[in-house]
file data_24.csv (CSV, C-alpha atoms)
chain,number,residue,atom,x,y,z
A,1,MET,CA,86.8,102.3,93.9
A,2,ILE,CA,90.4,102.6,94.9
A,3,SER,CA,93.2,102.5,92.3
A,4,LEU,CA,95.2,99.3,93.0
A,5,ASN,CA,98.9,99.1,93.4
A,6,HIS,CA,101.4,96.7,95.0
A,7,ASP,CA,101.1,98.4,98.4
A,8,ASN,CA,97.3,98.2,98.7
A,9,TYR,CA,96.4,95.2,96.6
A,10,TYR,CA,95.8,92.9,99.6
A,11,SER,CA,94.3,95.7,101.8
A,12,LEU,CA,90.8,95.6,103.3
A,13,ALA,CA,89.8,98.5,101.1
A,14,ALA,CA,90.9,96.7,97.9
A,15,ASN,CA,89.1,93.5,99.1
A,16,ARG,CA,85.9,95.5,99.6
A,17,ASP,CA,86.1,97.2,96.2
A,18,TYR,CA,87.2,94.1,94.2
A,19,MET,CA,86.5,90.4,94.2
A,20,SER,CA,89.5,88.0,93.8
A,21,VAL,CA,89.6,84.4,93.0
A,22,SER,CA,90.6,83.7,96.6
A,23,GLN,CA,87.5,85.6,97.8
A,24,TYR,CA,85.3,83.9,95.3
A,25,LYS,CA,86.5,80.5,96.6
A,26,GLN,CA,86.0,81.6,100.2
A,27,PHE,CA,82.4,82.7,99.4
A,28,LEU,CA,81.8,79.2,97.9
A,29,LYS,CA,83.3,77.5,101.0
A,30,CYS,CA,81.9,79.7,103.8
A,31,PRO,CA,80.1,83.0,103.0
A,32,ALA,CA,80.1,84.1,106.6
A,33,CYS,CA,83.9,83.8,106.8
A,34,ALA,CA,84.2,85.7,103.5
A,35,MET,CA,82.1,88.5,104.8
A,36,ALA,CA,84.0,88.6,108.1
A,37,GLU,CA,87.3,89.0,106.2
A,38,ILE,CA,85.9,91.8,104.1
A,39,SER,CA,84.6,93.6,107.2
A,40,GLY,CA,87.9,93.2,109.0
A,41,ASP,CA,86.5,91.0,111.7
A,42,TYR,CA,88.5,88.0,110.7
A,43,PHE,CA,92.1,87.6,109.3
A,44,ARG,CA,93.4,84.5,107.7
A,45,GLU,CA,96.4,83.0,109.4
A,46,GLU,CA,99.7,83.2,107.4
A,47,THR,CA,100.3,79.5,107.1
A,48,THR,CA,103.6,77.8,106.2
A,49,ALA,CA,102.0,76.8,102.8
A,50,LEU,CA,101.3,80.4,102.0
A,51,LEU,CA,104.8,81.5,103.0
A,52,LEU,CA,106.3,78.7,100.9
A,53,GLY,CA,104.3,79.9,97.8
A,54,ASN,CA,105.3,83.5,98.4
A,55,PHE,CA,108.9,82.5,99.0
A,56,VAL,CA,109.0,80.8,95.5
A,57,ASP,CA,107.1,83.7,93.9
A,58,SER,CA,109.5,86.3,95.5
A,59,TYR,CA,112.5,84.5,93.9
A,60,PHE,CA,111.1,84.8,90.4
A,61,GLU,CA,109.9,88.3,91.0
A,62,GLY,CA,113.5,89.3,92.1
A,63,THR,CA,112.4,90.3,95.7
A,64,GLN,CA,113.4,87.2,97.7
A,65,ASP,CA,115.9,89.1,99.9
A,66,VAL,CA,113.1,91.5,100.9
A,67,PHE,CA,110.7,88.6,101.6
A,68,ILE,CA,113.3,86.9,103.8
A,69,ARG,CA,113.8,90.1,105.8
A,70,ARG,CA,110.1,90.5,106.3
A,71,HIS,CA,109.6,86.9,107.4
A,72,PRO,CA,112.3,86.0,109.9
A,73,GLU,CA,110.1,83.0,111.0
A,74,ILE,CA,111.3,81.1,108.0
A,75,MET,CA,114.8,81.0,109.4
A,76,LYS,CA,116.3,78.7,112.0
A,77,ARG,CA,118.2,80.1,115.0
A,78,ASP,CA,121.5,79.5,113.3
A,79,GLY,CA,120.4,81.8,110.4
A,80,SER,CA,119.8,79.1,107.8
A,81,LEU,CA,116.5,78.4,106.2
A,82,LYS,CA,114.1,76.0,107.8
A,83,ALA,CA,113.8,72.6,106.0
A,84,GLU,CA,110.6,73.3,104.1
A,85,PHE,CA,112.2,76.4,102.6
A,86,VAL,CA,115.4,74.5,101.6
A,87,LYS,CA,113.1,72.1,99.8
A,88,ALA,CA,111.5,75.1,98.1
A,89,GLU,CA,114.9,76.3,97.0
A,90,GLU,CA,115.4,72.9,95.3
A,91,ALA,CA,112.2,73.4,93.4
A,92,ILE,CA,113.3,76.9,92.4
A,93,LYS,CA,116.6,75.4,91.1
A,94,ARG,CA,114.7,72.8,89.0
A,95,ILE,CA,112.3,75.4,87.6
A,96,SER,CA,115.3,77.7,86.8
A,97,GLU,CA,116.9,74.9,84.8
A,98,GLN,CA,113.9,74.4,82.6
A,99,PRO,CA,113.9,76.6,79.5
A,100,ILE,CA,110.2,76.3,78.9
A,101,MET,CA,109.4,77.2,82.5
A,102,MET,CA,111.7,80.2,82.3
A,103,GLU,CA,110.0,81.3,79.1
A,104,CYS,CA,106.6,81.1,80.8
A,105,LEU,CA,108.0,83.2,83.6
A,106,SER,CA,109.7,85.8,81.4
A,107,GLY,CA,106.9,88.4,81.4
A,108,LYS,CA,106.0,91.4,83.5
A,109,LYS,CA,106.1,90.3,87.2
A,110,GLN,CA,103.1,90.7,89.5
A,111,GLU,CA,101.1,92.7,87.0
A,112,ILE,CA,97.8,93.9,88.4
A,113,MET,CA,94.6,94.1,86.3
A,114,THR,CA,91.0,94.7,87.0
A,115,GLY,CA,87.8,93.8,85.1
A,116,VAL,CA,84.1,93.1,85.4
A,117,ILE,CA,82.6,89.7,85.3
A,118,GLY,CA,78.8,89.4,85.6
A,119,GLY,CA,78.6,92.9,87.0
A,120,VAL,CA,81.2,92.2,89.7
A,121,THR,CA,84.5,94.1,89.7
A,122,PHE,CA,87.5,91.6,89.9
A,123,LYS,CA,91.2,92.1,90.6
A,124,ILE,CA,94.0,89.9,89.5
A,125,LYS,CA,97.8,89.9,90.2
A,126,MET,CA,99.6,87.8,87.7
A,127,ASP,CA,102.9,86.1,88.4
A,128,SER,CA,104.1,86.6,84.9
A,129,TYR,CA,102.2,88.5,82.1
A,130,ARG,CA,103.1,88.6,78.5
A,131,PRO,CA,100.5,90.8,76.8
A,132,GLY,CA,98.7,89.0,74.0
A,133,THR,CA,100.7,85.8,74.7
A,134,MET,CA,100.2,84.3,78.1
A,135,ILE,CA,99.5,84.6,81.8
A,136,ALA,CA,101.5,82.4,84.1
A,137,ASP,CA,100.5,81.6,87.6
A,138,LEU,CA,103.2,79.7,89.4
A,139,LYS,CA,102.0,77.3,92.1
A,140,TYR,CA,104.2,75.6,94.7
A,141,MET,CA,102.6,72.4,96.0
A,142,ARG,CA,103.4,69.9,98.6
A,143,ASP,CA,102.4,67.0,96.3
A,144,PHE,CA,100.3,65.9,93.4
A,145,GLU,CA,97.8,63.8,95.5
A,146,ASP,CA,94.2,64.0,94.6
A,147,ILE,CA,92.1,66.5,96.5
A,148,TYR,CA,88.6,65.7,98.0
A,149,VAL,CA,85.9,68.0,96.7
A,150,LYS,CA,82.6,67.6,98.5
A,151,GLU,CA,80.4,67.7,95.4
A,152,HIS,CA,82.7,65.5,93.2
A,153,GLY,CA,84.8,63.3,95.5
A,154,ARG,CA,88.5,62.9,94.9
A,155,LEU,CA,89.8,64.8,91.9
A,156,PRO,CA,93.3,65.4,90.4
A,157,TRP,CA,94.6,68.7,91.8
A,158,TYR,CA,94.3,70.5,88.5
A,159,GLU,CA,90.6,69.7,88.2
A,160,ALA,CA,89.9,70.5,91.9
A,161,TRP,CA,91.4,73.9,91.5

call {"tool": "encode", "arguments": {"input": "data_24.csv", "output": "structure tokens"}}
result
Amino acid sequence: MISLNHDNYYSLAANRDYMSVSQYKQFLKCPACAMAEISGDYFREETTALLLGNFVDSYFEGTQDVFIRRHPEIMKRDGSLKAEFVKAEEAIKRISEQPIMMECLSGKKQEIMTGVIGGVTFKIKMDSYRPGTMIADLKYMRDFEDIYVKEHGRLPWYEAW
């Protein structure tokens, strides 16, 4: 079992040693795809949706300048942010103006923990962790439309996830 840190958390070795909620959902959706990811035969594409979520997370983590340098694809040729990321900046501004949201996000940033559930070793990386008080997991979403779940039909996003 490797010791997890911010540099290796998303590595193949970490994904082989620890289950994550993303892996768990992938196993439910397509076990062959999940196994291909763990073996290194398949890599998920870095989608705009994933980049947007990480852009928002990086702001509240205090690492947005590093994120932008690592992802020049979010910029237009003139050096300004692409439209989707300008919209994400508006969401960041709204979150920042909400005292309750800022209180929820006031804990340790990107805290890593591991544990065992049903004999399976899991990993978690929390957006904001306040020991003994709360775990906050910030989500940036396109909309609040219902999501279709095969077994249950259309569900509100918070039930689907």

call {"tool": "residues_around", "arguments": {"input": "data_24.csv", "residues": "Glu61 of chain A", "least_positions_apart": "4", "cutoff": "10 Å", "atoms": "only C-alpha atoms", "output": "short mmCIF file (atom, residue, chain, number, x, y, z; two decimals) with C-alpha atoms, keeping the file's coordinate frame"}}
result
data_model
loop_
_atom_site.label_atom_id
_atom_site.label_comp_id
_atom_site.auth_asym_id
_atom_site.auth_seq_id
_atom_site.Cartn_x
_atom_site.Cartn_y
_atom_site.Cartn_z
CA ASN A 54 105.30 83.50 98.40
CA PHE A 55 108.90 82.50 99.00
CA VAL A 56 109.00 80.80 95.50
CA ASP A 57 107.10 83.70 93.90
CA LEU A 105 108.00 83.20 83.60
CA SER A 106 109.70 85.80 81.40
CA LYS A 108 106.00 91.40 83.50
CA LYS A 109 106.10 90.30 87.20
CA GLN A 110 103.10 90.70 89.50
CA ASP A 127 102.90 86.10 88.40
CA SER A 128 104.10 86.60 84.90
#

call {"tool": "residues_around", "arguments": {"input": "data_24.csv", "residues": "Val149 of chain A", "least_positions_apart": "5", "cutoff": "8 Å", "atoms": "all atoms listed in the file", "output": "number ranges by chain"}}
result
A: 154-155, 160

call {"tool": "atom_distance", "arguments": {"input": "data_24.csv", "atom1": "atom CA of Met126 of chain A", "atom2": "atom CA of Ala32 of chain A"}}
result
27.4 Å

call {"tool": "closest_residue", "arguments": {"input": "data_24.csv", "among": "A:Ala83, A:Met113, A:Ala88, A:Leu50", "to": "Pro131 of chain A", "atoms": "only C-alpha atoms"}}
result
A:Met113

call {"tool": "residues_around", "arguments": {"input": "data_24.csv", "residues": "segment 140-148 of chain A", "least_positions_apart": "3", "cutoff": "12 Å", "atoms": "all atoms listed in the file", "output": "ChimeraX atom specification"}}
result
/A:48-58,84-85,87-92,95,137,151-161

call {"tool": "write_last_selection", "arguments": {"input": "data_24.csv", "atoms": "C-alpha atoms", "output": "compact mmCIF listing (two decimals), in the frame of the given file"}}
result
# COMPACT_ATOMS: atom_id res chain seq x y z
CA THR A 48 103.60 77.80 106.20
CA ALA A 49 102.00 76.80 102.80
CA LEU A 50 101.30 80.40 102.00
CA LEU A 51 104.80 81.50 103.00
CA LEU A 52 106.30 78.70 100.90
CA GLY A 53 104.30 79.90 97.80
CA ASN A 54 105.30 83.50 98.40
CA PHE A 55 108.90 82.50 99.00
CA VAL A 56 109.00 80.80 95.50
CA ASP A 57 107.10 83.70 93.90
CA SER A 58 109.50 86.30 95.50
CA GLU A 84 110.60 73.30 104.10
CA PHE A 85 112.20 76.40 102.60
CA LYS A 87 113.10 72.10 99.80
CA ALA A 88 111.50 75.10 98.10
CA GLU A 89 114.90 76.30 97.00
CA GLU A 90 115.40 72.90 95.30
CA ALA A 91 112.20 73.40 93.40
CA ILE A 92 113.30 76.90 92.40
CA ILE A 95 112.30 75.40 87.60
CA ASP A 137 100.50 81.60 87.60
CA GLU A 151 80.40 67.70 95.40
CA HIS A 152 82.70 65.50 93.20
CA GLY A 153 84.80 63.30 95.50
CA ARG A 154 88.50 62.90 94.90
CA LEU A 155 89.80 64.80 91.90
CA PRO A 156 93.30 65.40 90.40
CA TRP A 157 94.60 68.70 91.80
CA TYR A 158 94.30 70.50 88.50
CA GLU A 159 90.60 69.70 88.20
CA ALA A 160 89.90 70.50 91.90
CA TRP A 161 91.40 73.90 91.50

call {"tool": "atom_distance", "arguments": {"input": "data_24.csv", "atom1": "atom CA of Ser22 of chain A", "atom2": "atom CA of Phe122 of chain A"}}
result
10.8 Å

call {"tool": "atom_distance", "arguments": {"input": "data_24.csv", "atom1": "atom CA of Pro99 of chain A", "atom2": "atom CA of Thr63 of chain A"}}
result
21.3 Å

call {"tool": "closest_residue", "arguments": {"input": "data_24.csv", "among": "A:Gln23, A:Ala13, A:Asp78, A:Tyr59", "to": "Ser39 of chain A", "atoms": "all atoms listed in the file"}}
result
A:Ala13

call {"tool": "residues_around", "arguments": {"input": "data_24.csv", "residues": "Asn8 of chain A", "least_positions_apart": "4", "cutoff": "12 Å", "atoms": "all atoms listed in the file", "output": "list in words"}}
result
Ile2, Ser3, Leu4, Leu12, Ala13, Ala14, Asn15, Arg16, Asp17, Tyr18, Ile112, Lys123 and Lys125 of chain A

call {"tool": "closest_residue", "arguments": {"input": "data_24.csv", "among": "A:Ile124, A:Gly115, A:Leu28, A:Tyr10", "to": "Lys150 of chain A", "atoms": "all atoms listed in the file"}}
result
A:Leu28

call {"tool": "closest_residue", "arguments": {"input": "data_24.csv", "among": "A:Lys82, A:Thr133, A:Phe67, A:Phe60", "to": "Met101 of chain A", "atoms": "all atoms listed in the file"}}
result
A:Phe60

call {"tool": "residues_around", "arguments": {"input": "data_24.csv", "residues": "Phe43 of chain A", "least_positions_apart": "5", "cutoff": "12 Å", "atoms": "all atoms listed in the file", "output": "count of residues only"}}
result
9

call {"tool": "closest_residue", "arguments": {"input": "data_24.csv", "among": "A:Met19, A:Cys30, A:Ile100, A:Met134", "to": "Met1 of chain A", "atoms": "only C-alpha atoms"}}
result
A:Met19

call {"tool": "closest_residue", "arguments": {"input": "data_24.csv", "among": "A:Leu138, A:Ile117, A:Glu73, A:Glu111", "to": "Asn5 of chain A", "atoms": "all atoms listed in the file"}}
result
A:Glu111
